[in-house]
$ cat entry.csv   # CSV, C-alpha atoms and all ligand atoms
chain,number,residue,atom,x,y,z
A,1,MET,CA,-8.2,8.0,-17.3
A,2,ARG,CA,-7.5,10.6,-14.6
A,3,MET,CA,-4.1,10.2,-12.9
A,4,ILE,CA,-3.5,11.9,-9.6
A,5,PHE,CA,-0.2,12.9,-8.1
A,6,ASP,CA,1.2,15.8,-6.0
A,7,PRO,CA,4.8,16.9,-6.4
A,8,ARG,CA,5.0,17.2,-2.6
A,9,GLN,CA,5.0,13.3,-2.6
A,10,SER,CA,8.5,13.4,-4.1
A,11,ALA,CA,10.2,15.2,-1.2
A,12,HIS,CA,10.1,12.0,1.0
A,13,ALA,CA,13.5,10.3,0.3
A,14,PRO,CA,14.7,8.1,3.1
A,15,ALA,CA,18.4,7.3,2.9
A,16,LEU,CA,18.8,3.8,4.3
A,17,GLU,CA,16.9,0.7,5.4
A,18,MET,CA,17.9,-2.2,7.5
A,19,HIS,CA,17.9,-5.2,5.1
A,20,ASN,CA,19.1,-8.7,5.9
A,21,GLY,CA,21.3,-7.5,8.7
A,22,GLY,CA,22.9,-4.4,7.1
A,23,TRP,CA,22.0,-0.8,6.2
A,24,VAL,CA,21.4,-0.5,2.4
A,25,ALA,CA,20.3,2.3,0.1
A,26,HIS,CA,16.5,2.7,0.4
A,27,ALA,CA,14.6,1.0,-2.4
A,28,GLU,CA,11.5,3.3,-2.3
A,29,VAL,CA,13.0,6.3,-4.1
A,30,PRO,CA,11.5,9.5,-5.5
A,31,GLY,CA,12.6,8.3,-9.0
A,32,ARG,CA,9.9,5.7,-8.9
A,33,ALA,CA,7.2,8.4,-9.2
A,34,ALA,CA,9.2,10.3,-11.7
A,35,ASN,CA,9.5,7.2,-13.9
A,36,ILE,CA,5.8,6.5,-13.7
A,37,GLY,CA,4.9,10.2,-14.3
A,38,ALA,CA,7.1,10.3,-17.4
A,39,ALA,CA,5.5,7.1,-18.8
A,40,LEU,CA,1.9,8.4,-18.2
A,41,GLY,CA,2.3,12.0,-19.4
A,42,ALA,CA,0.3,14.6,-17.5
A,43,THR,CA,-0.9,13.9,-14.0
A,44,GLU,CA,-3.2,16.3,-12.0
A,45,ALA,CA,-2.8,17.5,-8.4
A,46,PRO,CA,-5.1,16.1,-5.8
A,47,ALA,CA,-7.8,18.2,-3.9
A,48,ASP,CA,-7.2,18.6,-0.2
A,49,HIS,CA,-9.8,16.5,1.7
A,50,GLY,CA,-8.3,17.3,5.1
A,51,LEU,CA,-7.4,15.0,8.0
A,52,ALA,CA,-10.8,13.5,8.7
A,53,SER,CA,-10.6,10.8,6.0
A,54,ILE,CA,-7.2,9.8,7.3
A,55,THR,CA,-8.3,9.6,11.0
A,56,ALA,CA,-11.3,7.6,9.8
A,57,ILE,CA,-8.7,4.8,9.4
A,58,HIS,CA,-5.7,5.8,11.5
A,59,ASP,CA,-5.4,6.3,15.3
A,60,PRO,CA,-5.1,10.0,15.9
A,61,ALA,CA,-2.3,9.3,18.3
A,62,TYR,CA,-0.4,7.6,15.5
A,63,VAL,CA,-1.1,10.5,13.2
A,64,ASP,CA,0.3,12.9,15.8
A,65,PHE,CA,3.3,10.7,16.1
A,66,LEU,CA,3.9,10.7,12.3
A,67,ARG,CA,3.6,14.5,12.2
A,68,SER,CA,6.0,15.1,15.1
A,69,ALA,CA,8.4,12.2,15.0
A,70,HIS,CA,11.1,13.8,12.9
A,71,ARG,CA,11.0,17.0,15.0
A,72,ARG,CA,11.3,14.9,18.2
A,73,TRP,CA,14.2,13.0,16.6
A,74,LEU,CA,16.1,16.3,16.0
A,75,GLU,CA,15.2,17.6,19.5
A,76,ALA,CA,16.7,14.4,20.9
A,77,GLY,CA,20.0,15.4,19.2
A,78,ARG,CA,19.8,12.9,16.4
A,79,GLU,CA,20.7,13.4,12.7
A,80,GLY,CA,19.2,12.1,9.5
A,81,ASP,CA,16.1,10.0,9.3
A,82,ALA,CA,14.2,8.7,12.4
A,83,VAL,CA,14.2,4.9,12.7
A,84,GLY,CA,13.5,2.7,15.6
A,85,TYR,CA,15.7,0.1,17.3
A,86,ILE,CA,13.4,-1.4,20.0
A,87,TRP,CA,9.9,-2.9,19.6
A,88,PRO,CA,7.4,-3.8,22.3
A,89,VAL,CA,6.5,-7.4,21.7
A,90,ALA,CA,2.8,-8.2,21.5
A,91,ARG,CA,2.1,-8.8,25.1
A,92,ARG,CA,3.8,-5.7,26.7
A,93,ARG,CA,1.4,-3.4,28.4
A,94,ASP,CA,0.4,-0.2,26.4
A,95,VAL,CA,2.6,2.2,28.4
A,96,GLN,CA,2.5,5.8,27.1
A,97,LEU,CA,6.0,7.0,26.5
A,98,ASP,CA,7.4,10.1,24.9
A,99,ARG,CA,11.1,9.2,24.3
A,100,ILE,CA,11.4,9.1,20.5
A,101,ASP,CA,13.0,5.7,20.4
A,102,ALA,CA,10.1,4.2,22.4
A,103,MET,CA,7.6,5.9,20.2
A,104,LEU,CA,9.3,4.7,17.0
A,105,GLY,CA,9.0,1.1,18.4
A,106,ARG,CA,5.4,1.5,19.4
A,107,TYR,CA,4.3,2.8,16.0
A,108,SER,CA,6.6,0.8,13.7
A,109,MET,CA,6.7,-2.8,12.5
A,110,ASP,CA,10.2,-2.7,11.0
A,111,ALA,CA,13.5,-0.7,10.5
A,112,GLY,CA,12.9,-0.3,6.8
A,113,THR,CA,10.6,2.7,7.0
A,114,PRO,CA,12.5,5.8,8.2
A,115,ILE,CA,10.7,9.1,8.9
A,116,THR,CA,12.3,12.1,7.3
A,117,ALA,CA,11.4,15.8,7.7
A,118,ASP,CA,9.3,15.5,4.6
A,119,THR,CA,7.6,12.1,5.3
A,120,TRP,CA,4.3,13.5,6.7
A,121,ASP,CA,3.7,15.9,3.8
A,122,ALA,CA,4.4,13.2,1.2
A,123,ALA,CA,2.2,10.6,2.9
A,124,TYR,CA,-0.6,13.1,3.4
A,125,TRP,CA,-0.6,14.1,-0.2
A,126,ALA,CA,-0.4,10.4,-1.3
A,127,ALA,CA,-3.6,9.8,0.7
A,128,GLN,CA,-5.2,12.9,-0.9
A,129,SER,CA,-4.3,11.5,-4.3
A,130,ALA,CA,-6.1,8.3,-3.5
A,131,LEU,CA,-9.1,10.3,-2.2
A,132,THR,CA,-9.1,12.5,-5.4
A,133,ALA,CA,-9.0,9.4,-7.6
A,134,LEU,CA,-12.0,8.1,-5.6
A,135,ASP,CA,-13.8,11.4,-6.3
A,136,ALA,CA,-13.4,10.8,-10.0
A,137,VAL,CA,-14.9,7.4,-9.8
A,138,LEU,CA,-17.7,8.5,-7.5
A,139,ALA,CA,-18.5,11.2,-10.1
A,140,GLY,CA,-18.9,8.5,-12.8
A,141,ASP,CA,-15.5,7.6,-14.2
A,142,ARG,CA,-15.2,3.9,-14.4
A,143,VAL,CA,-11.5,3.9,-13.3
A,144,ALA,CA,-9.0,6.4,-12.0
A,145,PHE,CA,-5.3,6.1,-11.0
A,146,ALA,CA,-3.7,7.4,-7.8
A,147,LEU,CA,0.1,7.6,-8.1
A,148,CYS,CA,0.6,7.1,-4.4
A,149,ARG,CA,4.1,7.4,-3.2
A,150,PRO,CA,5.0,6.6,-0.4
A,151,PRO,CA,2.9,3.4,-0.7
A,152,GLY,CA,0.4,2.3,1.9
A,153,HIS,CA,-0.7,-1.3,2.2
A,154,HIS,CA,1.8,-2.3,5.0
A,155,ALA,CA,0.6,0.5,7.3
A,156,GLY,CA,-2.0,-0.4,9.9
A,157,ALA,CA,-4.3,1.8,11.9
A,158,ASP,CA,-1.5,2.6,14.3
A,159,TYR,CA,1.8,1.5,12.7
A,160,LEU,CA,4.1,2.1,9.8
A,161,GLY,CA,6.3,-0.4,8.0
A,162,GLY,CA,7.2,-1.8,4.6
A,163,TYR,CA,7.9,1.7,3.2
A,164,CYS,CA,4.3,2.7,4.1
A,165,TYR,CA,3.0,5.4,6.6
A,166,LEU,CA,-0.7,6.0,5.7
A,167,ASN,CA,-2.8,3.2,4.1
A,168,ASN,CA,-4.0,4.9,1.0
A,169,ALA,CA,-6.1,2.0,-0.2
A,170,ALA,CA,-7.8,1.6,3.2
A,171,ILE,CA,-8.4,5.4,3.4
A,172,ALA,CA,-10.0,5.3,-0.1
A,173,ALA,CA,-12.1,2.2,0.8
A,174,GLN,CA,-13.5,3.8,4.0
A,175,ALA,CA,-14.2,7.1,2.1
A,176,ALA,CA,-16.1,5.1,-0.5
A,177,ARG,CA,-18.2,3.5,2.3
A,178,ASP,CA,-18.8,6.9,3.8
A,179,ALA,CA,-19.9,8.2,0.4
A,180,GLY,CA,-22.6,5.4,0.2
A,181,ALA,CA,-20.9,2.3,-1.2
A,182,THR,CA,-22.4,-0.6,0.7
A,183,ARG,CA,-19.6,-3.1,0.1
A,184,VAL,CA,-16.1,-2.4,-1.1
A,185,ALA,CA,-13.6,-4.9,-2.4
A,186,ILE,CA,-9.8,-4.4,-2.1
A,187,LEU,CA,-7.8,-6.4,-4.5
A,188,ASP,CA,-4.1,-6.4,-3.5
A,189,VAL,CA,-1.8,-7.5,-6.3
A,190,ASP,CA,1.5,-6.1,-4.9
A,191,TYR,CA,4.2,-8.7,-4.5
A,192,HIS,CA,4.0,-8.4,-0.8
A,193,HIS,CA,1.1,-9.2,1.4
A,194,GLY,CA,-0.9,-6.1,2.4
A,195,ASN,CA,-0.8,-6.7,6.2
A,196,GLY,CA,-1.9,-3.2,7.1
A,197,THR,CA,-5.0,-3.4,5.0
A,198,GLN,CA,-5.8,-6.9,6.2
A,199,ASP,CA,-5.5,-5.8,9.8
A,200,ILE,CA,-7.6,-2.7,9.3
A,201,PHE,CA,-10.6,-4.6,7.9
A,202,TRP,CA,-10.0,-8.0,9.7
A,203,ASN,CA,-13.2,-7.8,11.7
A,204,ARG,CA,-15.4,-6.2,9.1
A,205,GLY,CA,-17.8,-7.8,6.7
A,206,ASP,CA,-18.3,-4.7,4.6
A,207,VAL,CA,-14.8,-4.6,3.1
A,208,LEU,CA,-13.4,-7.6,1.3
A,209,PHE,CA,-9.6,-7.9,1.4
A,210,ALA,CA,-8.2,-10.3,-1.2
A,211,SER,CA,-4.5,-10.6,-1.9
A,212,ILE,CA,-2.1,-12.5,-4.2
A,213,HIS,CA,1.5,-12.4,-2.9
A,214,GLY,CA,4.8,-14.0,-2.3
A,215,ASP,CA,4.6,-16.8,0.3
A,216,PRO,CA,5.1,-15.1,3.7
A,217,ARG,CA,6.9,-18.2,5.0
A,218,ILE,CA,9.8,-16.9,2.9
A,219,ASP,CA,9.0,-13.3,2.2
A,220,TYR,CA,8.3,-10.1,4.0
A,221,PRO,CA,6.0,-9.4,6.0
A,222,PHE,CA,6.3,-13.1,7.3
A,223,TYR,CA,3.7,-12.8,10.1
A,224,TRP,CA,0.7,-12.1,7.8
A,225,GLY,CA,-0.7,-13.4,4.5
A,226,HIS,CA,-0.8,-17.1,5.1
A,227,ALA,CA,-3.6,-19.0,3.3
A,228,ASP,CA,-5.5,-19.8,6.6
A,229,GLU,CA,-6.0,-16.1,7.5
A,230,ARG,CA,-9.7,-15.5,6.6
A,231,GLY,CA,-10.8,-12.7,9.0
A,232,GLU,CA,-12.8,-12.9,12.2
A,233,GLY,CA,-16.2,-12.0,13.6
A,234,ALA,CA,-18.3,-10.1,11.1
A,235,GLY,CA,-15.2,-10.2,8.9
A,236,GLU,CA,-14.9,-14.0,8.8
A,237,GLY,CA,-14.5,-15.0,5.2
A,238,ALA,CA,-14.0,-11.4,4.1
A,239,THR,CA,-10.2,-11.9,4.0
A,240,LEU,CA,-8.7,-14.0,1.2
A,241,ASN,CA,-5.0,-14.8,0.9
A,242,LEU,CA,-3.4,-16.6,-2.0
A,243,PRO,CA,0.4,-17.0,-1.3
A,244,LEU,CA,2.4,-18.1,-4.4
A,245,PRO,CA,5.9,-19.5,-4.6
A,246,HIS,CA,9.1,-17.8,-5.9
A,247,GLY,CA,9.3,-17.9,-9.7
A,248,THR,CA,5.6,-17.6,-10.3
A,249,ALA,CA,5.0,-16.6,-13.9
A,250,ILE,CA,1.9,-15.3,-15.7
A,251,ALA,CA,0.0,-18.6,-16.2
A,252,PRO,CA,-0.2,-19.7,-12.6
A,253,TYR,CA,-0.6,-16.0,-11.6
A,254,LEU,CA,-3.7,-15.7,-13.8
A,255,ALA,CA,-5.1,-18.9,-12.4
A,256,ALA,CA,-4.8,-17.5,-8.8
A,257,LEU,CA,-6.3,-14.2,-10.1
A,258,ASP,CA,-9.3,-16.1,-11.5
A,259,GLN,CA,-9.9,-17.5,-8.0
A,260,VAL,CA,-9.7,-14.1,-6.4
A,261,LEU,CA,-11.9,-12.5,-9.0
A,262,ALA,CA,-14.6,-15.1,-8.5
A,263,ALA,CA,-14.6,-14.3,-4.7
A,264,ILE,CA,-14.9,-10.6,-5.5
A,265,ARG,CA,-17.8,-11.3,-7.8
A,266,ALA,CA,-19.5,-13.4,-5.1
A,267,PHE,CA,-19.0,-10.5,-2.6
A,268,ALA,CA,-20.9,-8.2,-5.1
A,269,PRO,CA,-19.2,-5.0,-4.1
A,270,ASP,CA,-20.2,-1.5,-5.3
A,271,MET,CA,-16.6,-0.4,-5.6
A,272,LEU,CA,-13.2,-1.9,-6.3
A,273,ILE,CA,-9.9,-0.6,-4.9
A,274,VAL,CA,-6.8,-2.1,-6.5
A,275,SER,CA,-3.6,-2.0,-4.5
A,276,PHE,CA,-1.3,-2.3,-7.5
A,277,GLY,CA,2.4,-3.1,-7.1
A,278,ALA,CA,4.7,-3.7,-10.0
A,279,ASP,CA,7.1,-5.6,-7.8
A,280,THR,CA,5.7,-8.8,-9.3
A,281,TYR,CA,8.0,-7.9,-12.2
A,282,GLU,CA,10.6,-10.4,-13.2
A,283,ALA,CA,13.5,-8.0,-12.7
A,284,ASP,CA,12.3,-6.5,-9.4
A,285,PRO,CA,15.4,-6.2,-7.2
A,286,ILE,CA,13.7,-7.2,-3.9
A,287,SER,CA,11.0,-9.6,-5.1
A,288,HIS,CA,10.7,-13.1,-6.7
A,289,PHE,CA,7.9,-13.5,-9.3
A,290,ALA,CA,8.4,-13.6,-13.0
A,291,ILE,CA,5.7,-11.3,-14.5
A,292,ARG,CA,6.8,-9.6,-17.7
A,293,THR,CA,6.0,-6.1,-18.9
A,294,GLN,CA,3.6,-7.4,-21.5
A,295,ASP,CA,1.8,-9.4,-18.9
A,296,TYR,CA,0.5,-6.4,-16.9
A,297,ALA,CA,-2.2,-5.5,-19.6
A,298,GLU,CA,-3.5,-9.1,-19.4
A,299,ILE,CA,-3.7,-9.0,-15.6
A,300,ALA,CA,-5.5,-5.7,-15.8
A,301,GLY,CA,-7.8,-7.1,-18.5
A,302,ALA,CA,-9.0,-9.9,-16.2
A,303,ILE,CA,-9.6,-7.3,-13.4
A,304,ALA,CA,-11.5,-5.1,-15.8
A,305,LYS,CA,-14.0,-7.9,-16.6
A,306,LEU,CA,-15.4,-7.3,-13.1
A,307,ALA,CA,-16.8,-4.1,-14.7
A,308,LEU,CA,-16.7,-2.4,-11.3
A,309,PRO,CA,-16.0,1.3,-10.6
A,310,SER,CA,-12.3,1.0,-9.8
A,311,VAL,CA,-9.7,3.1,-8.0
A,312,ILE,CA,-6.1,2.0,-8.8
A,313,VAL,CA,-3.7,2.9,-5.9
A,314,MET,CA,0.0,2.6,-6.5
A,315,GLU,CA,1.9,0.4,-4.0
A,316,GLY,CA,5.4,-1.1,-4.7
A,317,GLY,CA,7.7,-1.8,-7.7
A,318,TYR,CA,11.4,-1.2,-7.4
A,319,ALA,CA,12.8,-1.9,-10.8
A,320,VAL,CA,12.8,1.9,-11.4
A,321,ASP,CA,13.7,2.0,-15.1
A,322,ALA,CA,10.9,-0.4,-16.0
A,323,LEU,CA,8.4,0.9,-13.6
A,324,GLY,CA,6.7,3.4,-15.9
A,325,ALA,CA,6.3,0.8,-18.7
A,326,ASN,CA,4.9,-1.7,-16.2
A,327,VAL,CA,2.4,0.7,-14.8
A,328,ALA,CA,1.4,2.1,-18.2
A,329,GLY,CA,0.9,-1.5,-19.4
A,330,PHE,CA,-1.3,-2.3,-16.5
A,331,LEU,CA,-3.4,0.9,-16.9
A,332,SER,CA,-3.7,0.2,-20.7
A,333,GLY,CA,-5.5,-3.1,-19.9
A,334,LEU,CA,-8.2,-1.6,-17.8
A,401,LIG,N1,14.4,-3.4,4.7
A,401,LIG,C1,6.0,-2.4,-0.7
A,401,LIG,O1,6.2,-3.0,-1.8
A,401,LIG,N2,11.7,-5.2,2.6
A,401,LIG,N3,6.8,-2.6,0.3
A,401,LIG,C2,12.2,-6.0,3.7
A,401,LIG,C3,13.4,-4.3,5.0
A,401,LIG,C4,10.5,-4.7,2.8
A,401,LIG,C5,7.9,-3.5,0.3
A,401,LIG,C6,13.5,-5.5,4.2
A,401,LIG,C7,9.7,-4.7,1.6
A,401,LIG,C8,8.5,-3.7,1.7
A,401,LIG,C9,5.0,-1.4,-0.6
A,402,ZN,ZN,5.5,-4.8,-2.4

$ encode --input "entry.csv" --output "structure tokens"
Amino acid sequence: MRMIFDPRQSAHAPALEMHNGGWVAHAEVPGRAANIGAALGATEAPADHGLASITAIHDPAYVDFLRSAHRRWLEAGREGDAVGYIWPVARRRDVQLDRIDAMLGRYSMDAGTPITADTWDAAYWAAQSALTALDAVLAGDRVAFALCRPPGHHAGADYLGGYCYLNNAAIAAQAARDAGATRVAILDVDYHHGNGTQDIFWNRGDVLFASIHGDPRIDYPFYWGHADERGEGAGEGATLNLPLPHGTAIAPYLAALDQVLAAIRAFAPDMLIVSFGADTYEADPISHFAIRTQDYAEIAGAIAKLALPSVIVMEGGYAVDALGANVAGFLSGL
């Protein structure tokens, strides 16, 4: 299996995140990719597909913001990573502002996703890794792995959050559509609901978004991922959410996965994108499922029965020392 990663993805290393009322060391560390890379052996560098595949999903004004935010932060006399402290609630008018703090609020959903001097490059190459894994599958490989870091599924068309800046899975799904796939399914098996991906495809019937995740009544991102969210307009029924309780172990997880896989089969996609997070792991420091290392191959085996051309995009997973084994286990089951 081809495995794609660019060393420039490692330069992004935010220091702190706001968590439960205090600033704590950031969980989404470069060592995550290093641990996965060590477990997988050789990875290959992505090809540069340029900005067009990114702006096919993301608002160009948001992309400009991401590219310039840390420079603006420094120009405003600040130090360290750029992070917001005020957010426009949903009904404020869309006023165009260039004060950095106002821009951070406009284009962020949380204070857990700082922008460093290296964030744009890392996010850009993570997206290119996803696009290069897609190329492998379009060229005939049944499955390819994009070691995306930073992750992507919380990022919407015009906002960052949840450690995510560019939505790698959505960018790959749109590129697959543009390359001729009629229907694309995105299966999100990160612990957290992929709110950004859901938002991006909410009104679309050509991309199915199906997610199994910690119940958002008690887990981040709270405002999305409830079982009654099913899409709208042409997208009605093309969003599927299966929230599960804290403590979920492999048996009920596989039962939920069977439901989701049946929906994907019924959708009859030409291509599958898997947003894979290993934060469902029993020892994940910020999550609450009970999936064991040996379970990941079984989860992947059930997904592989779809027999669809598949791009695996890395999302979360914060038990750094076990991350490589969990990812390698998952990939071994495909
Ligand atoms: N400091 C992914 O797994 N944690 N993102 C909430 C904010 C956010 C996880 C507290 C968790 C985001 C890709
Ligand atoms: Zn997650």

$ closest_residue --input "entry.csv" --among "A:Val189, A:Ala263, A:Met3, A:Leu306" --to "ligand ZN 402 (chain A)" --atoms "only C-alpha atoms and all ligand atoms"
A:Val189

$ closest_atom_pairs --input "entry.csv" --of "chain A" --to "ligand LIG 401 (chain A)" --cutoff "9 Å" --atoms "all atoms listed in the file" --output "tab-separated table"
residue	atom	partner	partner_atom	distance
A:Leu16	CA	A:LIG401	N1	8.4
A:Glu17	CA	A:LIG401	N1	4.9
A:Met18	CA	A:LIG401	N1	4.6
A:His19	CA	A:LIG401	N1	4.0
A:Asn20	CA	A:LIG401	C6	6.7
A:Gly21	CA	A:LIG401	N1	9.0
A:Gly22	CA	A:LIG401	N1	8.9
A:Trp23	CA	A:LIG401	N1	8.2
A:Val24	CA	A:LIG401	N1	7.9
A:His26	CA	A:LIG401	N1	7.8
A:Ala27	CA	A:LIG401	N1	8.4
A:Glu28	CA	A:LIG401	N3	8.0
A:Asp110	CA	A:LIG401	C3	7.0
A:Ala111	CA	A:LIG401	N1	6.5
A:Gly112	CA	A:LIG401	N1	4.0
A:Thr113	CA	A:LIG401	N1	7.5
A:Pro150	CA	A:LIG401	C9	8.0
A:Pro151	CA	A:LIG401	C9	5.2
A:Gly152	CA	A:LIG401	C9	6.4
A:His153	CA	A:LIG401	C9	6.4
A:His154	CA	A:LIG401	C9	6.5
A:Gly161	CA	A:LIG401	C8	7.4
A:Gly162	CA	A:LIG401	C8	3.7
A:Tyr163	CA	A:LIG401	N3	5.3
A:Cys164	CA	A:LIG401	C9	6.3
A:Asp190	CA	A:LIG401	O1	6.4
A:Tyr191	CA	A:LIG401	O1	6.6
A:His192	CA	A:LIG401	O1	5.9
A:His193	CA	A:LIG401	C1	8.6
A:Gly194	CA	A:LIG401	C9	8.1
A:Asp219	CA	A:LIG401	C2	8.1
A:Tyr220	CA	A:LIG401	C2	5.7
A:Pro221	CA	A:LIG401	C4	7.3
A:Gly277	CA	A:LIG401	O1	6.5
A:Ala278	CA	A:LIG401	O1	8.4
A:Asp279	CA	A:LIG401	O1	6.6
A:Ile286	CA	A:LIG401	N2	7.1
A:Ser287	CA	A:LIG401	C7	8.4
A:Met314	CA	A:LIG401	C9	8.7
A:Glu315	CA	A:LIG401	C9	4.9
A:Gly316	CA	A:LIG401	O1	3.6
A:Gly317	CA	A:LIG401	O1	6.2
A:Tyr318	CA	A:LIG401	O1	7.9

$ atom_distance --input "entry.csv" --atom1 "atom CA of A:Gln294" --atom2 "atom CA of A:Asp188"
19.6 Å

$ closest_residue --input "entry.csv" --among "A:Ala185, A:Ala322, A:Leu331, A:Leu244" --to "A:Ala262" --atoms "all atoms listed in the file"
A:Ala185

$ atom_distance --input "entry.csv" --atom1 "atom CA of A:Ala56" --atom2 "atom CA of A:Asn203"
15.6 Å

$ residues_around --input "entry.csv" --residues "A:Leu51" --least-positions-apart "6" --cutoff "12 Å" --atoms "all atoms listed in the file" --output "PyMOL selection string"
chain A and resi 57-60+63-64+67+120-121+123-125+127-128+131+166+171+175

$ axis_aligned_box --input "entry.csv" --around "stretch 130-147 of chain A" --padding-each-side "5 Å" --output "JSON"
{"center_x": -9.4, "center_y": 8.2, "center_z": -8.3, "size_x": 29.0, "size_y": 18.6, "size_z": 22.2}

$ build_atoms --input "entry.csv" --residues "stretch 246-264 of chain A" --atoms "N, CA and C atoms" --output "mmCIF file, keeping the file's coordinate frame"
data_model
loop_
_atom_site.group_PDB
_atom_site.id
_atom_site.type_symbol
_atom_site.label_atom_id
_atom_site.label_comp_id
_atom_site.auth_asym_id
_atom_site.auth_seq_id
_atom_site.Cartn_x
_atom_site.Cartn_y
_atom_site.Cartn_z
ATOM 1 N N HIS A 246 8.090 -18.493 -5.081
ATOM 2 C CA HIS A 246 9.100 -17.800 -5.900
ATOM 3 C C HIS A 246 9.037 -18.346 -7.325
ATOM 4 N N GLY A 247 9.262 -17.459 -8.281
ATOM 5 C CA GLY A 247 9.300 -17.900 -9.700
ATOM 6 C C GLY A 247 7.978 -17.892 -10.384
ATOM 7 N N THR A 248 6.895 -17.553 -9.666
ATOM 8 C CA THR A 248 5.600 -17.600 -10.300
ATOM 9 C C THR A 248 5.526 -16.692 -11.535
ATOM 10 N N ALA A 249 5.137 -17.294 -12.670
ATOM 11 C CA ALA A 249 5.000 -16.600 -13.900
ATOM 12 C C ALA A 249 3.539 -16.354 -14.264
ATOM 13 N N ILE A 250 3.268 -15.818 -15.435
ATOM 14 C CA ILE A 250 1.900 -15.300 -15.700
ATOM 15 C C ILE A 250 0.846 -16.384 -15.699
ATOM 16 N N ALA A 251 1.100 -17.600 -16.170
ATOM 17 C CA ALA A 251 0.000 -18.600 -16.200
ATOM 18 C C ALA A 251 -0.517 -18.958 -14.843
ATOM 19 N N PRO A 252 0.331 -19.385 -13.908
ATOM 20 C CA PRO A 252 -0.200 -19.700 -12.600
ATOM 21 C C PRO A 252 -0.709 -18.393 -11.869
ATOM 22 N N TYR A 253 -0.119 -17.254 -12.205
ATOM 23 C CA TYR A 253 -0.600 -16.000 -11.600
ATOM 24 C C TYR A 253 -2.044 -15.738 -12.025
ATOM 25 N N LEU A 254 -2.318 -15.911 -13.326
ATOM 26 C CA LEU A 254 -3.700 -15.700 -13.800
ATOM 27 C C LEU A 254 -4.667 -16.678 -13.235
ATOM 28 N N ALA A 255 -4.217 -17.897 -12.987
ATOM 29 C CA ALA A 255 -5.100 -18.900 -12.400
ATOM 30 C C ALA A 255 -5.474 -18.470 -10.952
ATOM 31 N N ALA A 256 -4.496 -17.960 -10.196
ATOM 32 C CA ALA A 256 -4.800 -17.500 -8.800
ATOM 33 C C ALA A 256 -5.713 -16.245 -8.935
ATOM 34 N N LEU A 257 -5.443 -15.378 -9.899
ATOM 35 C CA LEU A 257 -6.300 -14.200 -10.100
ATOM 36 C C LEU A 257 -7.721 -14.553 -10.353
ATOM 37 N N ASP A 258 -7.936 -15.594 -11.168
ATOM 38 C CA ASP A 258 -9.300 -16.100 -11.500
ATOM 39 C C ASP A 258 -10.038 -16.429 -10.178
ATOM 40 N N GLN A 259 -9.336 -17.108 -9.263
ATOM 41 C CA GLN A 259 -9.900 -17.500 -8.000
ATOM 42 C C GLN A 259 -10.351 -16.271 -7.179
ATOM 43 N N VAL A 260 -9.452 -15.310 -7.130
ATOM 44 C CA VAL A 260 -9.700 -14.100 -6.400
ATOM 45 C C VAL A 260 -10.844 -13.288 -6.997
ATOM 46 N N LEU A 261 -10.850 -13.222 -8.315
ATOM 47 C CA LEU A 261 -11.900 -12.500 -9.000
ATOM 48 C C LEU A 261 -13.271 -13.104 -8.782
ATOM 49 N N ALA A 262 -13.296 -14.449 -8.729
ATOM 50 C CA ALA A 262 -14.600 -15.100 -8.500
ATOM 51 C C ALA A 262 -15.074 -14.775 -7.061
ATOM 52 N N ALA A 263 -14.154 -14.691 -6.098
ATOM 53 C CA ALA A 263 -14.600 -14.300 -4.700
ATOM 54 C C ALA A 263 -15.069 -12.881 -4.695
ATOM 55 N N ILE A 264 -14.439 -12.008 -5.460
ATOM 56 C CA ILE A 264 -14.900 -10.600 -5.500
ATOM 57 C C ILE A 264 -16.284 -10.540 -6.130
#
